[in-house]
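To start, the structure itself, in structure tokens.
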Amino acid sequence: MNARSEQSSNTLSSFNAVFSRCLPALFSDEAQWNAFKATAGYSARVFLCIGIAVFLAFTFQLHSPLSAATTVLIVANPTVGAMVSKSVWRVIGTVIGAVISIGIMAVFVQSPVLYFAALSVFVGIACMVATFLRFFRAYAAVLTGYTIVIIAAPAFADPDNIFLSAMGRLSAVVTGVVVTACVFMVTSPRKPSAVMEKLGNAFRDTILHAKNFHAQEGISSHPEENTEKENNPSEITDTTTTGTAFRSLPQPLYDSRSRLLAGMAGLTPAIEFAAADDPDMQARISNLRLALNRLTGLIVSYHPYWLNLSLVDAQSRPVHQYVAETLEQILHLTEQPGWLENPAPVSACLHECLKNLEQLSRNNPAPSLLATLDNTRDILVQIDLALYDLTSLRRDRESSHTRQYLEWPVALRNGVRGMFIALLAGMLWYVFHWSAGPMLILYVVAASSLLSTAPSAGKASPMMATGTMLAVPMGFLCHSLFLPRIDGYPLLWLTLCLFLLPGVWLQFHPRYSIGAFGYAVFFTMLLSINNPIIYNDLALTNNWITMVAACILLVLVFRVILPPDHRLDAARLVSSLTRSLQQLALSHSNKPVQWIAWEGLQLQKITRLMMRLSFIPSGIDRQGYTDAAFATLSLGRLILRLRWNAEHTKLDAQAHAALENALKAFALLRHTPLATADALEQAAAILHTTATDQNGASLMRDRTISCLMQAAGIIRAIPGFYGKYGPIHRSVDEVGANASVSTLMESTSVG
């Protein structure tokens, strides 16, 4: 009987294996099947919105009913909150663009050249502002830019109709926005609690990342090196000076860090969009922003300099083991359902660990062990604060306002691109009397405005142009084979869905999203389905040729005439990080510095730096620069500790002056970073000789020494990152352009 059952089980397993092999991977893989269902549901909702919006546009006798379909394609988003935010800002941008369009036409109606000049200025400003703004606020600037042209284009032949054109455009946009909002709110699942679940998982993932790091450090010390260090515990240079270069983190930690940072980047807009759709989330949005900033700061706190510290003293190994055990206990507590509603056990565990670490700090440890203890305590404090911000229903205890980093060089470049391409297209139309000139201006302005929101407009421009050029043959097929045979609205709707399906389906595929977006949006423009529909093959062919020329012009301006320089952008970000350190160290002692605000601003720079580095095709040390940027945040924490110690630690006059001089030495960081490191070490040596009578004063002195030596160690490990003549600041063909951040180069070697 058992043999027969086993044979039957084997037969069933073999059948299942054959059946799985015969099925496409789409149906056999659960993740792919879920993604397919989500994309199909989104596409169905978009096509339903298009059908209703275009039908209403025809019913309202709007001149260009497909503008409503274009609005649907632009504002549609799987997240209801994102769609609402996008819709509101689109209407705002359309209203602003309509006002500007009417004003420019009224002022320069008799002067085409001045009109194109004024138009290009406003388009450039819109592109620049779109680069600055975050999330879908940027669409207000984008819509302002190309709504000016969309409204003005039909009125070029008859300027007196500019107001009617503006009202028609606004009517089409409002129709598309209202229909999309109604359909998505009714048919989309609205789960604001899912964002809190994701934040809770992000907290646990951060704890797991920290636990893995500390667990490895608890077993990674070399016994022979530790014995040698223990034999000389009183010498500062033996107990606190690290190596001259960073060690590398294990690859699993690098992979974990990259995955976590990508997840945190995705949670930032998720919080904003959930708050736009849920009042409870809106009330907690300040706290949640703070929690996300703290978790991101915790992730980047673990960089290779920790490994340098671990080599210094064998006593650090038990500390790492103890912290790893505590974090493991926290992971166990957060596995309990409802832990976000009752965070007291997690907080109590953190406070117990902090109490024990503080007790260890008071047992007169060596400066190297004190460095590990202080850094670990700082990490645990940040975890506790992140837990409070994540779970508290009250308003945050401190202002969560983080100043947005404005990348002026990139914004100005995008503004100049938009201004130049708008002026060039207008003058081409004016000089050659191109009958399809309005179409040329319309595309280049719209594409330039949309590209200004991309991480790299130059890199994205060929993809946008490719998607648009694919819309040309598809538009030809639609006009020649389908539209002439349509005798009712249902067939028109089905035809639009058929041709728009590739663009709608691929919009959320990272590799094809920009091209798919360009295809879907500009395909509706190429169809020229007006009210009534007039078939004119010559005019349509002229429009298609114009669109191809506009795509070529777009790539020419964004990639050839005004190409991106990602290496230069990365160098500017590195310099900005260095200057921020200098300002932090040299700021007035009475001026309070809020760490979370300073860290949030630097994290924005580091995110942009990582993106720019990924765009550089040469063999630059991307990982080294990323680790160095993260170490810069740790250096900022040390500077804040030194500033606090300078104000509150009881030192004699000589030691206090040495500490003040050490902070002032950061003025040399960009010119001679090693001189800054020397000043920090000299101040540490002076403080080491200072006698203190009280145990508390002795501990504060040792902590100050530890901070000074850690800061000097970081600077000595990556002088090429801080130096103004470092590798990143050199052109790609210069000697040393691809050297590591541990290499310091002098100005005499440049050129």
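Letters for chains follow the order of the structure tokens (A, B, ...), residue numbers begin at 1 for each chain, and ligand numbers begin at 1 in the order shown.
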
Non-local contacts of region 196-203 of chain A (12 Å; only C-alpha atoms; under 5 positions in same chain excluded) as a PyMOL selection string:
chain A and resi 191+208-210+256-257+259-268+270-271+274-275+280-281+284-285+287-296+298-299+327+330-331+334-341+343+346+382-391

Polymer residues at most 7 Å from region 541-557 of chain A, only C-alpha atoms, same-chain spacing of 6 or more positions, as a ChimeraX atom specification
/A:417,421,436,439-440,443-444,461-462,465,469,472

Contact residues around Gln602 (chain A) with only C-alpha atoms at 10 Å, ignoring same-chain residues under 3 positions, as JSON, numbers by chain
{"A": [297, 404, 405, 573, 576, 577, 580, 581, 596, 597, 598, 599, 605, 606, 607, 608, 629, 630, 632, 633, 636]}

Please provide the set of residues having any atom within 12 Å of Ala446 (chain A), restricted to only C-alpha atoms, with same-chain residues fewer than 4 positions apart removed, written as a PyMOL selection string.
chain A and resi 123-124+126-127+139+141-150+418+421-422+438-442+450-453+464-465+468+518+521-522+525+550-551+554

At a cut-off of 12 Å, using only C-alpha atoms, what residues contact region 178-190 of chain A? Leave out same-chain residues fewer than 4 positions from it and give the result as a ChimeraX atom specification.
/A:38,41-57,68-88,90-91,171-174,194-195,273-278

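In this model, the gap between CA of Ala658 (chain A) and CA of Ile686 (chain A) comes to 7.1 Å.
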
Neighbours of Gly475 (chain A) within 7 Å (only C-alpha atoms; same-chain residues fewer than 5 positions away dropped), as a PDB file with N, CA and C atoms, in the first residue's frame?
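Output contents, as saved in out09.pdb:
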```pdb
ATOM      1  N   PHE A 523       1.580  60.040 -29.316  1.00  0.00           N
ATOM      2  CA  PHE A 523       0.754  59.341 -30.301  1.00  0.00           C
ATOM      3  C   PHE A 523      -0.608  60.013 -30.413  1.00  0.00           C
ATOM      4  N   LEU A 526      -0.321  63.058 -32.510  1.00  0.00           N
ATOM      5  CA  LEU A 526      -0.135  62.819 -33.942  1.00  0.00           C
ATOM      6  C   LEU A 526      -1.424  62.413 -34.640  1.00  0.00           C
ATOM      7  N   LEU A 527      -2.382  61.869 -33.895  1.00  0.00           N
ATOM      8  CA  LEU A 527      -3.604  61.400 -34.541  1.00  0.00           C
ATOM      9  C   LEU A 527      -4.417  62.541 -35.136  1.00  0.00           C
TER      10      LEU A 527
END
```

Expected answer as a ChimeraX atom specification: alpha helix (DSSP H) residues in region 516-620 of chain A:
/A:516-527,537-555,566-586,595-615

Please, could you write that set of residues out with C-alpha atoms as a JSON list (two decimals), in the first residue's frame?
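That gives us selection17.json:
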```json
[["chain", "number", "residue", "atom", "x", "y", "z"],
["A", 516, "ALA", "CA", 6.81, 54.38, -23.48],
["A", 517, "PHE", "CA", 5.58, 57.61, -21.92],
["A", 518, "GLY", "CA", 6.73, 59.58, -24.97],
["A", 519, "TYR", "CA", 5.04, 57.11, -27.31],
["A", 520, "ALA", "CA", 1.70, 57.15, -25.48],
["A", 521, "VAL", "CA", 1.50, 60.92, -24.96],
["A", 522, "PHE", "CA", 2.64, 62.05, -28.40],
["A", 523, "PHE", "CA", 0.75, 59.34, -30.30],
["A", 524, "THR", "CA", -2.49, 61.06, -29.32],
["A", 525, "MET", "CA", -1.04, 64.34, -30.56],
["A", 526, "LEU", "CA", -0.14, 62.82, -33.94],
["A", 527, "LEU", "CA", -3.60, 61.40, -34.54],
["A", 537, "ASP", "CA", -3.07, 63.14, -45.91],
["A", 538, "LEU", "CA", -0.76, 65.97, -46.94],
["A", 539, "ALA", "CA", -1.14, 67.77, -43.61],
["A", 540, "LEU", "CA", -0.74, 64.54, -41.66],
["A", 541, "THR", "CA", 2.42, 63.63, -43.56],
["A", 542, "ASN", "CA", 3.78, 67.09, -42.92],
["A", 543, "ASN", "CA", 3.08, 66.67, -39.20],
["A", 544, "TRP", "CA", 4.81, 63.28, -39.12],
["A", 545, "ILE", "CA", 7.90, 64.60, -40.87],
["A", 546, "THR", "CA", 7.88, 67.56, -38.49],
["A", 547, "MET", "CA", 7.74, 65.21, -35.50],
["A", 548, "VAL", "CA", 10.76, 63.25, -36.77],
["A", 549, "ALA", "CA", 12.67, 66.51, -37.26],
["A", 550, "ALA", "CA", 11.65, 67.64, -33.77],
["A", 551, "CYS", "CA", 12.98, 64.38, -32.27],
["A", 552, "ILE", "CA", 16.30, 64.91, -34.04],
["A", 553, "LEU", "CA", 16.42, 68.50, -32.82],
["A", 554, "LEU", "CA", 15.69, 67.38, -29.25],
["A", 555, "VAL", "CA", 18.56, 64.89, -29.17],
["A", 566, "HIS", "CA", 28.08, 63.95, -15.07],
["A", 567, "ARG", "CA", 31.68, 63.95, -13.89],
["A", 568, "LEU", "CA", 31.60, 67.70, -13.36],
["A", 569, "ASP", "CA", 28.23, 67.43, -11.59],
["A", 570, "ALA", "CA", 29.64, 64.73, -9.30],
["A", 571, "ALA", "CA", 32.71, 66.87, -8.55],
["A", 572, "ARG", "CA", 30.46, 69.78, -7.58],
["A", 573, "LEU", "CA", 28.50, 67.55, -5.22],
["A", 574, "VAL", "CA", 31.73, 66.32, -3.61],
["A", 575, "SER", "CA", 32.85, 69.93, -3.13],
["A", 576, "SER", "CA", 29.46, 70.80, -1.66],
["A", 577, "LEU", "CA", 29.76, 67.99, 0.89],
["A", 578, "THR", "CA", 33.22, 69.22, 1.87],
["A", 579, "ARG", "CA", 32.06, 72.83, 2.22],
["A", 580, "SER", "CA", 29.17, 71.67, 4.40],
["A", 581, "LEU", "CA", 31.66, 70.08, 6.78],
["A", 582, "GLN", "CA", 33.67, 73.28, 6.87],
["A", 583, "GLN", "CA", 30.59, 75.38, 7.58],
["A", 584, "LEU", "CA", 29.54, 72.98, 10.31],
["A", 585, "ALA", "CA", 32.94, 73.19, 12.02],
["A", 586, "LEU", "CA", 33.40, 76.93, 11.57],
["A", 595, "TRP", "CA", 21.50, 67.31, 13.16],
["A", 596, "ILE", "CA", 18.51, 65.76, 11.39],
["A", 597, "ALA", "CA", 18.16, 68.81, 9.13],
["A", 598, "TRP", "CA", 21.89, 68.90, 8.32],
["A", 599, "GLU", "CA", 22.00, 65.15, 7.70],
["A", 600, "GLY", "CA", 18.87, 65.26, 5.52],
["A", 601, "LEU", "CA", 20.41, 67.92, 3.30],
["A", 602, "GLN", "CA", 23.64, 65.92, 2.92],
["A", 603, "LEU", "CA", 21.69, 62.74, 2.16],
["A", 604, "GLN", "CA", 20.06, 64.55, -0.77],
["A", 605, "LYS", "CA", 23.51, 65.41, -2.09],
["A", 606, "ILE", "CA", 24.76, 61.85, -1.62],
["A", 607, "THR", "CA", 21.74, 60.45, -3.46],
["A", 608, "ARG", "CA", 22.47, 62.73, -6.40],
["A", 609, "LEU", "CA", 26.17, 61.88, -6.21],
["A", 610, "MET", "CA", 25.47, 58.15, -6.43],
["A", 611, "MET", "CA", 23.23, 58.77, -9.42],
["A", 612, "ARG", "CA", 25.84, 60.91, -11.20],
["A", 613, "LEU", "CA", 28.53, 58.32, -10.55],
["A", 614, "SER", "CA", 26.35, 55.62, -12.10],
["A", 615, "PHE", "CA", 26.13, 57.70, -15.28]]
```
